[in-house]
$ cat start-v4.txt   # compact mmCIF, C-alpha atoms
# COMPACT_ATOMS: atom_id res chain seq x y z
CA MET E 1096 -13.64 4.21 20.79
CA GLY E 1097 -11.70 7.46 20.59
CA PRO E 1098 -10.92 9.97 19.19
CA LEU E 1099 -14.42 11.08 20.10
CA ILE E 1100 -15.26 13.53 17.32
CA PRO E 1101 -13.86 11.67 14.25
CA ASN E 1102 -15.60 8.49 15.42
CA GLY E 1103 -18.90 10.27 15.85
CA LEU E 1104 -19.25 9.81 19.62
CA ILE E 1105 -19.50 13.57 19.81
CA PRO E 1106 -21.22 15.17 16.80
CA ILE E 1107 -18.85 17.18 14.63
CA GLU E 1108 -20.87 20.34 15.31
CA TRP E 1109 -19.47 20.34 18.84
CA ASN E 1110 -15.94 20.69 17.49
CA PHE E 1111 -15.61 24.40 18.09
CA ILE E 1112 -17.44 24.34 21.40
CA VAL E 1113 -15.07 21.68 22.71
CA ALA E 1114 -12.16 23.69 21.31
CA ILE E 1115 -13.36 26.83 23.10
CA LEU E 1116 -13.76 24.95 26.40
CA ILE E 1117 -10.28 23.45 26.12
CA GLY E 1118 -8.94 26.89 25.16
CA ILE E 1119 -10.48 28.47 28.25
CA ALA E 1120 -9.01 25.73 30.44
CA PHE E 1121 -5.61 26.20 28.76
CA GLY E 1122 -5.72 29.95 29.29
CA TYR E 1123 -6.75 29.50 32.91
CA ILE E 1124 -3.88 27.10 33.60
CA MET E 1125 -1.38 29.42 31.92
CA GLU E 1126 -2.54 32.38 33.96
CA ALA E 1127 -2.63 30.30 37.14
CA THR E 1128 0.97 29.16 36.64
CA GLY E 1129 2.04 32.76 36.12
CA PHE E 1130 2.88 32.43 32.44
CA SER E 1131 1.29 35.77 31.65
CA SER E 1132 4.33 37.38 33.23
CA SER E 1133 7.00 38.06 30.65
CA ARG E 1134 9.65 37.83 33.38
CA LYS E 1135 8.78 34.20 33.95
CA LEU E 1136 9.07 33.37 30.26
CA ALA E 1137 12.35 35.19 29.87
CA GLY E 1138 13.60 33.46 33.03
CA ILE E 1139 14.27 30.23 31.17
CA PHE E 1140 16.79 32.06 28.97
CA TYR E 1141 18.57 33.82 31.82
CA GLY E 1142 18.41 30.76 34.03
CA TYR E 1143 16.53 32.08 37.06
CA ASP E 1144 13.18 30.38 36.40
CA PHE E 1145 12.55 27.10 34.58
CA ALA E 1146 8.82 26.87 35.17
CA VAL E 1147 8.05 27.06 31.42
CA LEU E 1148 10.34 24.15 30.63
CA LYS E 1149 8.94 22.11 33.50
CA VAL E 1150 5.29 22.80 32.76
CA PHE E 1151 5.42 22.15 29.03
CA PHE E 1152 7.75 19.16 29.23
CA THR E 1153 5.63 17.61 32.01
CA ALA E 1154 2.47 18.27 30.01
CA ALA E 1155 3.95 16.60 26.94
CA VAL E 1156 5.23 13.56 28.82
CA VAL E 1157 2.04 13.06 30.83
CA ALA E 1158 -0.06 13.44 27.67
CA VAL E 1159 1.98 10.98 25.64
CA ILE E 1160 2.03 8.37 28.42
CA GLY E 1161 -1.72 8.79 28.95
CA LEU E 1162 -2.49 8.59 25.23
CA TYR E 1163 -0.48 5.41 24.79
CA TYR E 1164 -2.12 3.78 27.80
CA LEU E 1165 -5.51 4.69 26.33
CA ASP E 1166 -4.38 3.23 23.02
CA TYR E 1167 -3.18 0.07 24.75
CA LEU E 1168 -6.55 -0.31 26.46
CA ASN E 1169 -8.38 0.29 23.15
CA PHE E 1170 -10.03 3.48 24.33
CA LEU E 1171 -8.26 5.45 21.64
CA ASP E 1172 -6.81 4.77 18.22
CA ILE E 1173 -3.45 6.55 18.08
CA SER E 1174 -3.28 6.13 14.31
CA GLN E 1175 -6.40 8.29 13.93
CA LEU E 1176 -4.79 11.27 15.61
CA TYR E 1177 -3.65 14.09 13.40
CA VAL E 1178 0.10 14.58 13.08
CA GLN E 1179 1.31 17.97 11.97
CA PRO E 1180 3.43 17.73 8.81
CA THR E 1181 7.12 18.45 9.33
CA TYR E 1182 8.54 21.31 7.23
CA LEU E 1183 12.08 20.78 8.44
CA TRP E 1184 14.01 23.88 7.39
CA ALA E 1185 10.99 26.16 7.50
CA ALA E 1186 10.43 25.02 11.09
CA ILE E 1187 14.07 25.58 12.06
CA ILE E 1188 14.16 29.13 10.61
CA GLY E 1189 10.70 29.92 11.95
CA GLY E 1190 11.68 28.57 15.36
CA MET E 1191 14.71 30.81 15.48
CA ILE E 1192 12.67 33.88 14.53
CA MET E 1193 10.06 32.96 17.11
CA GLY E 1194 12.74 32.39 19.74
CA VAL E 1195 14.12 35.90 19.21
CA GLY E 1196 10.60 37.36 19.40
CA PHE E 1197 9.86 35.23 22.44
CA LEU E 1198 12.85 36.55 24.35
CA ALA E 1199 12.57 40.15 23.16
CA GLY E 1200 8.86 40.40 23.88
CA GLY E 1201 8.66 38.01 26.80
CA PHE E 1202 5.56 36.24 25.52
CA CYS E 1203 4.61 33.34 23.36
CA PRO E 1204 1.48 33.79 21.23
CA GLY E 1205 -0.70 32.01 23.79
CA THR E 1206 0.62 33.76 26.86
CA SER E 1207 0.41 37.17 25.17
CA LEU E 1208 -3.35 36.70 24.87
CA CYS E 1209 -3.45 35.68 28.55
CA ALA E 1210 -1.62 38.91 29.34
CA VAL E 1211 -4.13 40.88 27.27
CA ALA E 1212 -6.95 39.22 29.20
CA ILE E 1213 -5.57 40.43 32.52
CA GLY E 1214 -4.97 43.90 31.12
CA LYS E 1215 -1.21 44.03 30.60
CA ILE E 1216 -0.15 46.83 28.29
CA ASP E 1217 3.03 45.04 27.14
CA GLY E 1218 0.86 42.05 26.24
CA MET E 1219 -1.40 44.24 24.10
CA ILE E 1220 1.55 45.78 22.27
CA PHE E 1221 3.01 42.30 21.76
CA THR E 1222 -0.29 41.13 20.28
CA VAL E 1223 -0.34 44.06 17.85
CA GLY E 1224 3.21 43.12 16.82
CA LEU E 1225 2.05 39.52 16.43
CA MET E 1226 -0.73 40.63 14.09
CA ILE E 1227 1.73 42.73 12.06
CA GLY E 1228 4.01 39.71 11.81
CA ILE E 1229 1.14 37.51 10.63
CA PHE E 1230 0.19 40.17 8.09
CA ILE E 1231 3.71 40.47 6.69
CA PHE E 1232 4.10 36.69 6.51
CA SER E 1233 0.74 36.24 4.78
CA GLU E 1234 1.42 39.00 2.26
CA SER E 1235 4.87 37.66 1.39
CA PHE E 1236 3.80 34.03 1.43
CA SER E 1237 3.91 33.69 -2.36
CA THR E 1238 7.61 34.68 -2.22
CA LEU E 1239 8.36 32.42 0.72
CA GLU E 1240 6.30 29.48 -0.49
CA PRO E 1241 9.05 27.66 -2.47
CA PHE E 1242 11.24 27.61 0.63
CA PHE E 1243 8.29 26.87 2.92
CA GLU E 1244 7.25 23.84 0.90
CA SER E 1245 10.77 22.66 0.00
CA SER E 1246 11.45 20.54 3.09
CA ASN E 1247 8.04 18.99 3.67
CA LEU E 1248 8.72 15.57 5.18
CA GLY E 1249 5.05 14.74 5.58
CA HIS E 1250 3.23 13.52 8.67
CA ILE E 1251 6.19 11.92 10.38
CA THR E 1252 6.98 11.33 14.03
CA LEU E 1253 10.04 10.08 15.87
CA VAL E 1254 8.64 6.56 15.48
CA ASP E 1255 9.04 6.86 11.70
CA THR E 1256 12.37 8.69 11.80
CA LEU E 1257 14.10 6.40 14.28
CA SER E 1258 12.04 3.30 13.36
CA MET E 1259 11.86 2.42 17.03
CA SER E 1260 9.02 1.22 19.21
CA PRO E 1261 7.01 4.22 20.42
CA TYR E 1262 7.13 2.84 23.96
CA TRP E 1263 10.92 2.99 24.09
CA ILE E 1264 10.86 6.52 22.72
CA ILE E 1265 8.41 7.52 25.45
CA LEU E 1266 10.62 6.00 28.13
CA ILE E 1267 13.70 7.76 26.78
CA ILE E 1268 11.88 11.10 26.49
CA THR E 1269 10.58 10.71 30.06
CA ILE E 1270 14.08 10.07 31.35
CA ILE E 1271 15.36 13.05 29.36
CA ALA E 1272 12.58 15.17 30.88
CA VAL E 1273 13.47 14.15 34.43
CA LEU E 1274 17.16 14.80 33.77
CA ALA E 1275 16.29 18.18 32.27
CA PHE E 1276 14.30 19.06 35.40
CA ALA E 1277 17.18 18.05 37.66
CA PHE E 1278 19.64 19.97 35.48
CA SER E 1279 17.46 23.08 35.45
CA ASP E 1280 17.25 22.96 39.26
CA TRP E 1281 21.02 22.70 39.43
CA VAL E 1282 21.44 25.68 37.06
CA ARG E 1283 18.96 27.65 39.08
CA SER E 1284 20.87 27.04 42.28
CA LYS E 1285 24.01 28.46 40.64
CA ILE E 1286 22.33 31.62 39.30
CA LYS E 1287 21.64 34.68 41.37
CA LYS E 1288 18.01 34.63 42.45
CA VAL E 1289 15.70 37.16 40.86
CA PHE E 1290 12.58 38.19 42.71
CA TYR E 1291 9.67 39.60 40.79
CA MET Q 352 9.51 15.70 66.66
CA SER Q 353 6.63 13.36 66.28
CA LYS Q 354 6.78 10.48 63.88
CA ARG Q 355 4.02 11.98 61.75
CA TYR Q 356 5.85 15.24 61.37
CA LYS Q 357 8.97 13.37 60.34
CA SER Q 358 7.22 11.43 57.61
CA LYS Q 359 5.52 14.59 56.39
CA LYS Q 360 8.84 16.37 56.22
CA PHE Q 361 10.29 13.46 54.26
CA LEU Q 362 7.43 13.59 51.77
CA VAL Q 363 7.78 17.33 51.27
CA LYS Q 364 11.51 17.06 50.80
CA THR Q 365 11.33 14.24 48.31
CA ARG Q 366 8.08 15.09 46.54
CA TYR Q 367 9.68 15.90 43.20
CA ILE Q 368 11.78 12.75 43.30
CA ILE Q 369 8.66 10.69 44.03
CA LEU Q 370 6.77 12.34 41.15
CA ALA Q 371 9.69 11.77 38.77
CA VAL Q 372 9.90 8.12 39.81
CA ILE Q 373 6.14 7.67 39.22
CA LEU Q 374 6.51 9.19 35.74
CA ILE Q 375 9.39 6.89 34.85
CA ILE Q 376 7.58 3.84 36.24
CA LEU Q 377 4.51 4.67 34.12
CA ALA Q 378 6.63 5.14 31.00
CA GLY Q 379 8.55 1.95 31.78
CA GLY Q 380 5.24 0.15 32.21
CA LEU Q 381 4.43 0.87 28.58
CA VAL Q 382 7.67 -0.81 27.53
CA LEU Q 383 7.13 -3.83 29.76
CA LEU Q 384 3.44 -4.40 28.97
CA PRO Q 385 2.83 -7.51 26.87
CA LYS Q 386 2.33 -6.41 23.30
CA HIS Q 387 -0.82 -7.29 21.47
CA ILE Q 388 -1.40 -6.94 17.78
CA ALA Q 389 -4.12 -4.47 17.05
CA ASN Q 390 -6.96 -5.73 14.91
CA GLU Q 391 -6.54 -4.98 11.25
CA GLY Q 392 -9.61 -3.78 9.42
CA ILE Q 393 -13.07 -3.13 10.76
CA LYS Q 394 -14.22 -3.57 14.34
CA PRO Q 395 -15.39 -7.09 15.34
CA GLU Q 396 -18.92 -5.87 16.17
CA LEU Q 397 -19.35 -4.37 12.73
CA PHE Q 398 -17.92 -7.47 11.10
CA VAL Q 399 -20.45 -9.72 12.84
CA LYS Q 400 -23.24 -7.31 11.98
CA ASN Q 401 -22.23 -7.37 8.32
CA ALA Q 402 -21.76 -11.13 8.33
CA ILE Q 403 -25.25 -11.94 9.58
CA SER Q 404 -26.85 -9.47 7.19
CA THR Q 405 -28.06 -10.95 3.90
CA GLU Q 406 -27.61 -7.66 2.08
CA ARG Q 407 -24.44 -8.94 0.48
CA PHE Q 408 -26.29 -11.50 -1.63
CA ILE Q 409 -27.34 -10.64 -5.14
CA SER Q 410 -29.73 -12.99 -6.90
CA THR Q 411 -28.92 -14.56 -10.25
CA ASP Q 412 -31.90 -12.75 -11.78
CA ALA Q 413 -30.68 -9.36 -10.60
CA LEU Q 414 -27.20 -10.12 -11.89
CA ALA Q 415 -28.54 -11.34 -15.25
CA ASP Q 416 -30.59 -8.17 -15.55
CA ARG Q 417 -27.55 -6.02 -14.93
CA LEU Q 418 -25.43 -8.02 -17.36
CA VAL Q 419 -28.08 -7.88 -20.09
CA ASN Q 420 -28.39 -4.15 -19.61
CA GLN Q 421 -24.61 -3.94 -19.83
CA ASP Q 422 -24.26 -2.21 -16.51
CA PRO Q 423 -20.72 -0.79 -16.60
CA SER Q 424 -20.41 -0.59 -12.83
CA ILE Q 425 -20.11 -4.29 -12.06
CA LEU Q 426 -16.96 -6.29 -11.73
CA LEU Q 427 -17.39 -10.06 -11.77
CA ILE Q 428 -14.84 -12.02 -9.83
CA ASP Q 429 -14.59 -15.78 -10.08
CA THR Q 430 -13.09 -17.15 -6.87
CA ARG Q 431 -12.69 -20.72 -8.15
CA SER Q 432 -9.47 -22.26 -9.34
CA GLU Q 433 -7.98 -21.32 -12.68
CA LYS Q 434 -8.80 -24.75 -14.13
CA GLU Q 435 -12.49 -24.41 -13.39
CA PHE Q 436 -12.45 -20.83 -14.58
CA ASN Q 437 -11.08 -21.89 -17.95
CA LYS Q 438 -13.86 -24.45 -18.35
CA PHE Q 439 -16.71 -22.09 -17.78
CA SER Q 440 -17.31 -18.73 -16.22
CA LEU Q 441 -19.55 -15.73 -16.50
CA PRO Q 442 -18.82 -13.24 -19.30
CA ASN Q 443 -16.02 -10.77 -18.55
CA ALA Q 444 -15.30 -12.32 -15.20
CA ILE Q 445 -11.86 -12.00 -13.67
CA ASN Q 446 -10.39 -15.09 -12.07
CA ILE Q 447 -9.01 -14.53 -8.56
CA PRO Q 448 -8.69 -17.92 -6.83
CA LEU Q 449 -9.54 -17.72 -3.15
CA GLU Q 450 -6.00 -18.53 -2.03
CA ASN Q 451 -4.61 -15.65 -4.13
CA LEU Q 452 -7.28 -13.20 -3.02
CA LEU Q 453 -4.95 -10.77 -1.26
CA ASP Q 454 -2.08 -10.96 -3.76
CA ASP Q 455 -0.67 -7.61 -4.80
CA ASP Q 456 -1.80 -8.22 -8.39
CA TYR Q 457 -5.43 -8.54 -7.41
CA ILE Q 458 -5.86 -6.31 -4.39
CA ASP Q 459 -6.70 -3.25 -6.50
CA TYR Q 460 -9.70 -5.07 -7.98
CA LEU Q 461 -11.13 -5.59 -4.52
CA ASP Q 462 -10.02 -2.57 -2.54
CA GLN Q 463 -11.72 0.16 -4.55
CA ASP Q 464 -14.99 2.01 -4.55
CA THR Q 465 -15.65 2.46 -8.26
CA TYR Q 466 -17.29 -0.87 -9.11
CA ASP Q 467 -19.73 -3.22 -7.45
CA VAL Q 468 -17.63 -6.31 -6.98
CA ILE Q 469 -19.68 -9.47 -7.42
CA LEU Q 470 -17.96 -12.59 -6.15
CA PHE Q 471 -19.04 -16.02 -7.26
CA SER Q 472 -17.96 -19.63 -7.14
CA ASN Q 473 -19.70 -22.94 -7.84
CA ASP Q 474 -21.84 -22.53 -4.77
CA SER Q 475 -21.75 -19.33 -2.74
CA PHE Q 476 -19.28 -21.00 -0.38
CA TYR Q 477 -15.88 -19.81 -1.65
CA ALA Q 478 -17.35 -16.48 -2.69
CA ASP Q 479 -18.72 -16.00 0.79
CA GLN Q 480 -15.34 -16.76 2.30
CA ALA Q 481 -13.74 -14.21 -0.03
CA TRP Q 482 -16.43 -11.74 0.98
CA MET Q 483 -15.71 -12.34 4.67
CA ILE Q 484 -12.01 -11.65 4.17
CA GLY Q 485 -12.73 -8.53 2.14
CA ASN Q 486 -15.37 -7.29 4.55
CA ARG Q 487 -13.03 -7.66 7.48
CA LEU Q 488 -10.40 -5.59 5.70
CA GLY Q 489 -13.01 -2.91 5.08
CA PHE Q 490 -13.38 -3.31 1.30
CA LYS Q 491 -16.46 -1.63 -0.05
CA ASN Q 492 -19.22 -2.59 -2.50
CA MET Q 493 -18.67 -6.35 -2.32
CA TYR Q 494 -21.48 -8.73 -3.17
CA VAL Q 495 -21.91 -12.47 -3.37
CA LEU Q 496 -23.85 -14.20 -6.10
CA LYS Q 497 -26.41 -16.19 -4.17
CA GLY Q 498 -26.12 -19.88 -5.00
CA GLY Q 499 -23.18 -19.24 -7.27
CA LEU Q 500 -22.82 -20.80 -10.68
CA ASN Q 501 -25.04 -23.77 -9.79
CA GLU Q 502 -27.90 -21.42 -9.11
CA TRP Q 503 -27.00 -19.50 -12.26
CA PHE Q 504 -27.25 -22.72 -14.21
CA HIS Q 505 -30.58 -23.68 -12.66
CA THR Q 506 -32.20 -20.30 -13.09
CA ILE Q 507 -30.74 -18.52 -16.07
CA ILE Q 508 -29.28 -21.23 -18.28
CA ASN Q 509 -31.81 -23.94 -17.55
CA PRO Q 510 -34.86 -22.42 -15.86
CA LYS Q 511 -37.63 -24.64 -14.69
CA TYR Q 512 -40.93 -24.25 -16.51
CA PRO Q 513 -43.50 -23.02 -13.93
CA ASP Q 514 -46.52 -25.11 -13.04
CA GLU Q 515 -49.80 -24.12 -14.57
CA THR Q 516 -51.21 -23.13 -11.21
CA MET Q 517 -48.42 -20.63 -10.58
CA PRO Q 518 -49.06 -16.87 -10.68
CA LYS Q 519 -48.44 -14.74 -13.70
CA SER Q 520 -45.26 -13.32 -12.21
CA ALA Q 521 -43.70 -16.79 -12.21
CA PHE Q 522 -44.29 -17.02 -15.95
CA GLU Q 523 -42.90 -13.55 -16.49
CA LEU Q 524 -39.83 -14.51 -14.51
CA TYR Q 525 -39.52 -17.66 -16.61
CA SER Q 526 -39.67 -15.72 -19.84
CA PHE Q 527 -37.13 -13.23 -18.53
CA ARG Q 528 -34.83 -16.09 -17.59
CA LYS Q 529 -35.30 -17.69 -20.97
CA ALA Q 530 -34.51 -14.45 -22.72
CA ALA Q 531 -31.52 -13.88 -20.50
CA GLY Q 532 -30.37 -17.43 -21.22
CA MET Q 533 -30.55 -16.67 -24.93
CA TYR Q 534 -28.51 -13.54 -24.36
CA PHE Q 535 -25.86 -15.65 -22.68
CA GLY Q 536 -25.72 -17.98 -25.64
CA VAL Q 537 -28.22 -20.73 -24.92
CA GLY Q 538 -30.19 -21.71 -28.05
CA VAL Q 539 -33.95 -21.59 -28.27
CA ILE Q 540 -35.02 -24.94 -26.97
CA ASP Q 541 -38.30 -26.60 -26.32
CA PRO Q 542 -39.11 -26.17 -22.61
CA ASN Q 543 -40.08 -29.82 -22.33
CA ALA Q 544 -36.79 -31.08 -23.69
CA LYS Q 545 -34.79 -33.16 -21.23
CA SER Q 546 -31.28 -31.85 -21.77
CA GLU Q 547 -29.85 -28.69 -23.05
CA THR Q 548 -26.51 -27.91 -24.42
CA LEU Q 549 -24.43 -25.17 -23.05
CA LYS Q 550 -22.40 -22.89 -25.09
CA LYS Q 551 -19.42 -21.42 -23.49
CA VAL Q 552 -19.47 -17.69 -23.67
CA THR Q 553 -16.27 -16.68 -25.27
CA THR Q 554 -16.62 -12.96 -25.60
CA LYS Q 555 -13.56 -11.58 -23.97
CA LYS Q 556 -13.08 -7.93 -23.40
CA ALA Q 557 -10.06 -6.10 -22.14
CA PRO Q 558 -9.87 -6.34 -18.37
CA LYS Q 559 -11.44 -3.47 -16.55
CA LYS Q 560 -9.22 -0.71 -15.42
CA VAL Q 561 -9.33 -0.21 -11.71
CA THR Q 562 -8.34 3.08 -10.26
CA PRO Q 563 -6.81 2.66 -6.82
CA LYS Q 564 -8.79 4.23 -4.04
CA PRO Q 565 -7.41 7.64 -3.11
CA LYS Q 566 -6.10 7.87 0.43
CA LYS Q 567 -8.36 9.56 2.92
CA LYS Q 568 -7.57 13.20 3.25
CA LYS Q 569 -7.08 14.43 6.73
CA ARG Q 570 -8.43 17.75 7.71
CA VAL Q 571 -5.82 20.23 8.72
CA PRO Q 572 -6.42 21.60 12.18
CA GLU Q 573 -4.62 24.68 13.30
CA GLY Q 574 -3.22 25.56 16.63
CA GLY Q 575 -0.18 25.80 18.76
CA CYS Q 576 1.12 27.33 21.88
$ encode --input "start-v4.txt" --output "structure tokens"
Amino acid sequence: MGPLIPNGLIPIEWNFIVAILIGIAFGYIMEATGFSSSRKLAGIFYGYDFAVLKVFFTAAVVAVIGLYYLDYLNFLDISQLYVQPTYLWAAIIGGMIMGVGFLAGGFCPGTSLCAVAIGKIDGMIFTVGLMIGIFIFSESFSTLEPFFESSNLGHITLVDTLSMSPYWIILIITIIAVLAFAFSDWVRSKIKKVFY
Amino acid sequence: MSKRYKSKKFLVKTRYIILAVILIILAGGLVLLPKHIANEGIKPELFVKNAISTERFISTDALADRLVNQDPSILLIDTRSEKEFNKFSLPNAINIPLENLLDDDYIDYLDQDTYDVILFSNDSFYADQAWMIGNRLGFKNMYVLKGGLNEWFHTIINPKYPDETMPKSAFELYSFRKAAGMYFGVGVIDPNAKSETLKKVTTKKAPKKVTPKPKKKKRVPEGGC
């Protein structure tokens, strides 16, 4: 049956409308969980607030369990889902740069737009910086391209890398998530509380 | 403290533990569920729909017409055994016995979308079976010669002279078949003669080159956090 748009259950013209609706819902949830505050996002680094870790890890685990149940019940064909290609070294370097920007600015690209929507000045300045970063990257792409393309591993997932059953990977990831939540609570209890 | 308050307090205290346990149970459920092998190829509904449709059949006349006109887009595949193939077959046919249909050597002839693959056997029985297998695996442009070589023999090689009361089109069809028969190497024979001799068509051309079907390109969506 699913995915709905590639299988024609929803006409392809609805693609962007569905994307906009999901985007609005995503933005609403981020604002509702307080992610438009840069203090909350920086909290995961300083150890006084692990909401970001909990929200995104829970979202990932719930989504993967739900998708595989849908696949098991033939409501969805997992193999038809798009898998982002892995550019190993480019992703590692890019992740480090993004991590620095994340901590220094207190926003991730999505939450900065949430902050702009509720009128935060730091969010607006962050977004301008984001645009400048995109501009610099795009302009220097021809120089960076050999490195960018060098470690393309293709559309792989952990299932291909570890050659394990996806179900076992899901179980292990879920256990890791729960342990991470417990650990983050323990860290939080050791750190001086910050109120904001 | 009432009993209700106590149980409420317990639930509030342990809510995260309960949620974590539910998550692990759900993930563990995926591991423990009995595994089933997903269907390979097209969906069963589509397969049945294709199987009851007669669109896959191509008549001997249509095939003869395309062969005479040297249609470059057809690929004849003989699904009989090699022994029978060596005795007689259609010109430029490739022999893929039914049991070897999905061998690596032959799969590129079937799984492609450049040629119209026309399967035939003595009757349409083996060819139809080959078609069913191919159809289920989602191969495109596959056809079955209706009636197979027997029908080919009765219509093209040895057509029946129409009755005098038959319409003009029947006579036209007869003369087309006769001409086609001559093209395939049957001598000019008196229509009233009892038996005819067959000449085996021996023109052999280099096997057709089959370009493997390119993999479907996936569209690249963009997004992220």
$ closest_atom_pairs --input "start-v4.txt" --of "chain Q" --to "chain E" --cutoff "6 Å" --atoms "all atoms listed in the file" --output "CSV"
residue,atom,partner,partner_atom,distance
Q:Ala378,CA,E:Leu1266,CA,5.0
Q:Gly379,CA,E:Leu1266,CA,5.8
Q:Leu381,CA,E:Tyr1262,CA,5.7
Q:Val382,CA,E:Tyr1262,CA,5.1
Q:Cys576,CA,E:Gly1205,CA,5.4
$ atom_distance --input "start-v4.txt" --atom1 "CA of Ser1133 in chain E" --atom2 "CA of Asp1217 in chain E"
8.8 Å
$ closest_residue --input "start-v4.txt" --among "E:Ser1233, E:Ser1258, E:Gly1097, E:Met1219" --to "Leu1165 in chain E" --atoms "all atoms listed in the file"
E:Gly1097
$ residues_around --input "start-v4.txt" --residues "Leu470 in chain Q" --least-positions-apart "2" --cutoff "7 Å" --atoms "only C-alpha atoms" --output "ChimeraX atom specification"
/Q:427-430,468,478,494-496
$ atom_distance --input "start-v4.txt" --atom1 "CA of Asn501 in chain Q" --atom2 "CA of Ile425 in chain Q"
20.2 Å
$ atom_distance --input "start-v4.txt" --atom1 "CA of Thr516 in chain Q" --atom2 "CA of Arg528 in chain Q"
18.9 Å
$ residues_near_point --input "start-v4.txt" --point "(-26.1, -12.0, 5.0)" --cutoff "12 Å" --atoms "all atoms listed in the file" --output "MDAnalysis selection string"
chainID Q and resid 398:409 475 479 482:483 486 493:497
$ decode --input "start-v4.txt" --residues "range 1170-1214 of chain E" --atoms "C-alpha atoms" --output "tab-separated table (two decimals), in the first residue's frame"
chain	number	residue	atom	x	y	z
E	1170	PHE	CA	0.78	-1.38	4.86
E	1171	LEU	CA	4.13	-0.02	3.77
E	1172	ASP	CA	7.02	-1.20	1.65
E	1173	ILE	CA	10.20	-0.28	3.53
E	1174	SER	CA	12.33	-0.91	0.45
E	1175	GLN	CA	10.52	1.89	-1.38
E	1176	LEU	CA	11.56	4.49	1.16
E	1177	TYR	CA	14.32	6.85	0.20
E	1178	VAL	CA	17.62	6.42	2.02
E	1179	GLN	CA	19.97	9.37	2.06
E	1180	PRO	CA	23.36	8.47	0.57
E	1181	THR	CA	26.20	8.32	3.09
E	1182	TYR	CA	29.13	10.65	2.37
E	1183	LEU	CA	31.19	9.36	5.27
E	1184	TRP	CA	34.02	11.86	5.73
E	1185	ALA	CA	32.05	14.79	4.38
E	1186	ALA	CA	29.36	14.01	6.95
E	1187	ILE	CA	31.88	13.73	9.80
E	1188	ILE	CA	33.55	17.08	8.96
E	1189	GLY	CA	30.20	18.74	8.25
E	1190	GLY	CA	28.81	17.38	11.50
E	1191	MET	CA	31.68	18.84	13.47
E	1192	ILE	CA	31.25	22.25	11.83
E	1193	MET	CA	27.52	22.11	12.46
E	1194	GLY	CA	28.10	21.06	16.07
E	1195	VAL	CA	30.29	24.11	16.70
E	1196	GLY	CA	27.68	26.36	15.06
E	1197	PHE	CA	24.93	24.63	17.00
E	1198	LEU	CA	26.58	25.30	20.34
E	1199	ALA	CA	27.82	28.80	19.51
E	1200	GLY	CA	24.50	29.96	18.10
E	1201	GLY	CA	22.19	27.84	20.21
E	1202	PHE	CA	20.00	26.79	17.29
E	1203	CYS	CA	19.79	24.09	14.72
E	1204	PRO	CA	18.55	25.16	11.27
E	1205	GLY	CA	14.98	24.07	12.05
E	1206	THR	CA	14.75	25.61	15.49
E	1207	SER	CA	16.28	28.89	14.27
E	1208	LEU	CA	13.32	29.30	11.92
E	1209	CYS	CA	10.97	28.53	14.84
E	1210	ALA	CA	12.73	31.27	16.78
E	1211	VAL	CA	12.31	33.67	13.86
E	1212	ALA	CA	8.60	32.82	13.77
E	1213	ILE	CA	8.15	33.84	17.40
E	1214	GLY	CA	10.18	37.00	16.87
